[in-house]
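Read through the structure below, which is laid out as structure tokens, and then see the notes.
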Amino acid sequence: MCFKVAEAVHGRAKYYLHKPAFIFVPNDTVPGQDDAAMLDFKKLQVGPDDINRLFSCFLEIDTDGSGEINLDEFYAHFKLNRSIFSDMAFSLMDEDKSGEIDFREFVLTLWNFCSYDFKELCRFAFFLFDTDESGKLEKEEVDDMVKSVYGEKFADDERVKRVLDCLDANGDGEVSISEWILFNKKYPLLLFPAYQMQAVLREKVIGKWWWDIMQEKRSTNFKNANIYDILERIEEENIKFGDVPVKEEVNDINSSPLKGLPTSQRPADYDPSDPDKHLREDAERALAEKAQKLEDDRAERYRNNAFFATLKAQRRGPPEEHSTFQDWRPETG
């Protein structure tokens, strides 16, 4: 307990002493850095200062200033071992299947992976391979999952192989999600590389204590839903309620020395008791049009998201022999 408190105190001190190197300013001309991305961050309860820290991290990786990073750059920067599982986990948000992710995709990818607790990380791994959403995996599919997590090291790890032989508790030839979670609590060795990768990312991006807070917020506000459901929920809320920007200030004509001067440009329904009526209505109309355009753009972006639609429609798992996520991606036509 004392160690955890000391760790949190050290993490917070480091957080406040090291300010972000760059400030994120929404830019509609750069993919993944527009107002729509800012709304997603807001819904995930990532604060402005933390967005700046994530943006600074992104720019450190994006050395060529292209506004996007590929997986090779990602692994090299964080010094992570690459595997089929890690490719799958970090390419889920590559919406256009370009092999590169922009800043919005980078934040959502990190948030999705690093805010899982132990139990939900087990579910996440299971979800990636449960292609028919039956809640069960064949024993061979579980073997493939663990092989994808360990990568080339699996062939030399006899301990993991022995643990896998004991996995099917009731002998029905299938592994349910509950069996999988219980077994991982007893033998965390099965997904150890995944836990290790999460720990490294948490420590190098903002800090473990901050991700512990994000983990708690995710559990409380999203009930540990997967990232697809969270994004769909965010989109439904945006369409239903809207995210109307803060009203811009309108010059107060009552304070103007020109107020008392006669004018021939007053509208026919001018009301002396409410001289600002038309200015207020024009401002509200402009704000409503801007909010509607933003909602339409976001809805269209998700409606045309071929990757989400295809993943949910096909739910095809990665063949055993594929070595990259690029090979596994479902065809989108």
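By order in the structure tokens, chains are A, B, ...; within a chain, residues start at 1; ligands start at 1, following the order shown.
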
Got a sec: who's within 10 Å of Ser86 in chain A, counting only C-alpha atoms, leaving out chain neighbours fewer than 5 positions off, as a PyMOL selection string? chain A and resi 71+75+80-81+91+148-151+193-194+197+324-325

Counting only C-alpha atoms, what is within 8 Å of range 181-184 of chain A, bar same-chain residues fewer than 5 positions away, as a ChimeraX atom specification? /A:119,122-123,167,189-191

So that I have them on file, write out the residues from the current selection with N, CA and C atoms, as a compact mmCIF listing (two decimals), in the first residue's frame.
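Generated file (out-v7.txt):
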# COMPACT_ATOMS: atom_id res chain seq x y z
N LYS A 119 -8.90 -7.69 -15.87
CA LYS A 119 -10.03 -8.50 -16.36
C LYS A 119 -10.44 -8.07 -17.76
N CYS A 122 -8.10 -9.10 -20.52
CA CYS A 122 -8.37 -10.49 -20.91
C CYS A 122 -9.55 -10.56 -21.87
N ARG A 123 -10.60 -9.80 -21.57
CA ARG A 123 -11.77 -9.76 -22.46
C ARG A 123 -11.40 -9.22 -23.83
N LEU A 167 -6.00 -25.79 -20.11
CA LEU A 167 -6.94 -24.68 -20.19
C LEU A 167 -8.41 -25.09 -20.18
N LEU A 189 0.64 -15.84 -16.81
CA LEU A 189 1.72 -16.04 -17.79
C LEU A 189 1.20 -16.04 -19.22
N LEU A 190 -0.06 -16.48 -19.42
CA LEU A 190 -0.59 -16.61 -20.77
C LEU A 190 -0.56 -15.31 -21.55
N LEU A 191 -0.95 -14.22 -20.90
CA LEU A 191 -0.99 -12.92 -21.59
C LEU A 191 0.08 -11.96 -21.05

Show which residues sit within 12 Å of Trp210 in chain A, as a ChimeraX atom specification. Count only C-alpha atoms, and ignore same-chain residues fewer than 3 positions away. /A:7-16,46-47,50,53,111,114-115,201-207,213-217

Tell me, as a PDB file with C-alpha atoms, in the first residue's frame, which residues lie within 7 Å of range 66-68 of chain A, counting only C-alpha atoms; anything in the same chain fewer than 2 positions away does not count.
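Result went into around34.pdb, see below:
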ATOM      1  CA  ASP A  62       6.026  11.878 -36.050  1.00  0.00           C
ATOM      2  CA  ASP A  64       8.793  13.830 -40.492  1.00  0.00           C
ATOM      3  CA  ASN A  70       3.124   4.084 -38.821  1.00  0.00           C
ATOM      4  CA  GLU A 100      -0.698   4.838 -40.475  1.00  0.00           C
ATOM      5  CA  ILE A 101      -2.653   6.539 -37.703  1.00  0.00           C
ATOM      6  CA  ASP A 102      -3.339  10.248 -37.200  1.00  0.00           C
ATOM      7  CA  PHE A 103      -3.473  12.046 -33.855  1.00  0.00           C
TER       8      PHE A 103
END

note - CA of Lys223 in chain A and CA of Glu120 in chain A are separated by 10.2 Å

Which neighbours of Tyr195 in chain A fall inside 9 Å, counting only C-alpha atoms, when residues of the same chain fewer than 5 positions from it are skipped, and could you give them as a list in words?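 Once the nearby chain positions are removed, what remains is Phe118, Leu121, Pro188 and Val200 of chain A.
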
Writing out the chosen residues with all heavy atoms as a CSV table (one decimal), in the first residue's frame:
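Here's the written file part_34.csv:
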chain,number,residue,atom,x,y,z
A,118,PHE,N,-7.0,-5.5,-15.5
A,118,PHE,CA,-6.6,-6.9,-15.8
A,118,PHE,C,-7.7,-7.7,-16.5
A,118,PHE,O,-7.5,-8.4,-17.5
A,118,PHE,CB,-6.2,-7.6,-14.5
A,118,PHE,CG,-5.9,-9.1,-14.7
A,118,PHE,CD1,-4.6,-9.5,-15.1
A,118,PHE,CD2,-6.8,-10.0,-14.4
A,118,PHE,CE1,-4.3,-10.8,-15.2
A,118,PHE,CE2,-6.5,-11.4,-14.6
A,118,PHE,CZ,-5.3,-11.8,-15.0
A,121,LEU,N,-8.6,-6.5,-20.0
A,121,LEU,CA,-7.6,-6.8,-21.0
A,121,LEU,C,-7.7,-8.2,-21.5
A,121,LEU,O,-7.5,-8.5,-22.6
A,121,LEU,CB,-6.2,-6.5,-20.4
A,121,LEU,CG,-5.1,-6.5,-21.4
A,121,LEU,CD1,-5.3,-5.6,-22.6
A,121,LEU,CD2,-3.7,-6.2,-20.7
A,188,PRO,N,-1.4,-15.9,-15.1
A,188,PRO,CA,-1.2,-14.6,-15.8
A,188,PRO,C,-0.1,-14.7,-16.9
A,188,PRO,O,0.0,-13.8,-17.7
A,188,PRO,CB,-0.9,-13.6,-14.8
A,188,PRO,CG,-0.4,-14.4,-13.6
A,188,PRO,CD,-1.1,-15.7,-13.6
A,200,VAL,N,4.5,-0.7,-20.0
A,200,VAL,CA,5.5,0.1,-20.6
A,200,VAL,C,4.8,1.4,-21.2
A,200,VAL,O,5.3,2.5,-21.0
A,200,VAL,CB,6.2,-0.6,-21.7
A,200,VAL,CG1,7.1,0.3,-22.5
A,200,VAL,CG2,7.1,-1.7,-21.1

May I ask which of the residues A:Leu294, A:Leu54, A:Val142, A:Val175 is the closest one to Leu110 in chain A, counting only C-alpha atoms? A:Leu54

Contacts of Met38 in chain A within 9 Å, only C-alpha atoms, excl. fewer than 6 positions in-chain, as a list in words: Pro26, Gly32, Ile51 and Arg104 of chain A

Output the selection as a PDB file, in the first residue's frame - C-alpha atoms for each residue.
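What follows is the written file again.pdb:
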ATOM      1  CA  PRO A  26      -7.662  22.089 -33.507  1.00  0.00           C
ATOM      2  CA  GLY A  32      -7.347  13.758 -36.864  1.00  0.00           C
ATOM      3  CA  ILE A  51      -4.356  16.355 -24.703  1.00  0.00           C
ATOM      4  CA  ARG A 104      -7.114  11.197 -33.105  1.00  0.00           C
TER       5      ARG A 104
END

Filtered DSSP result for range 71-189 of chain A, state strand (DSSP E or B), as a count of residues only: 8
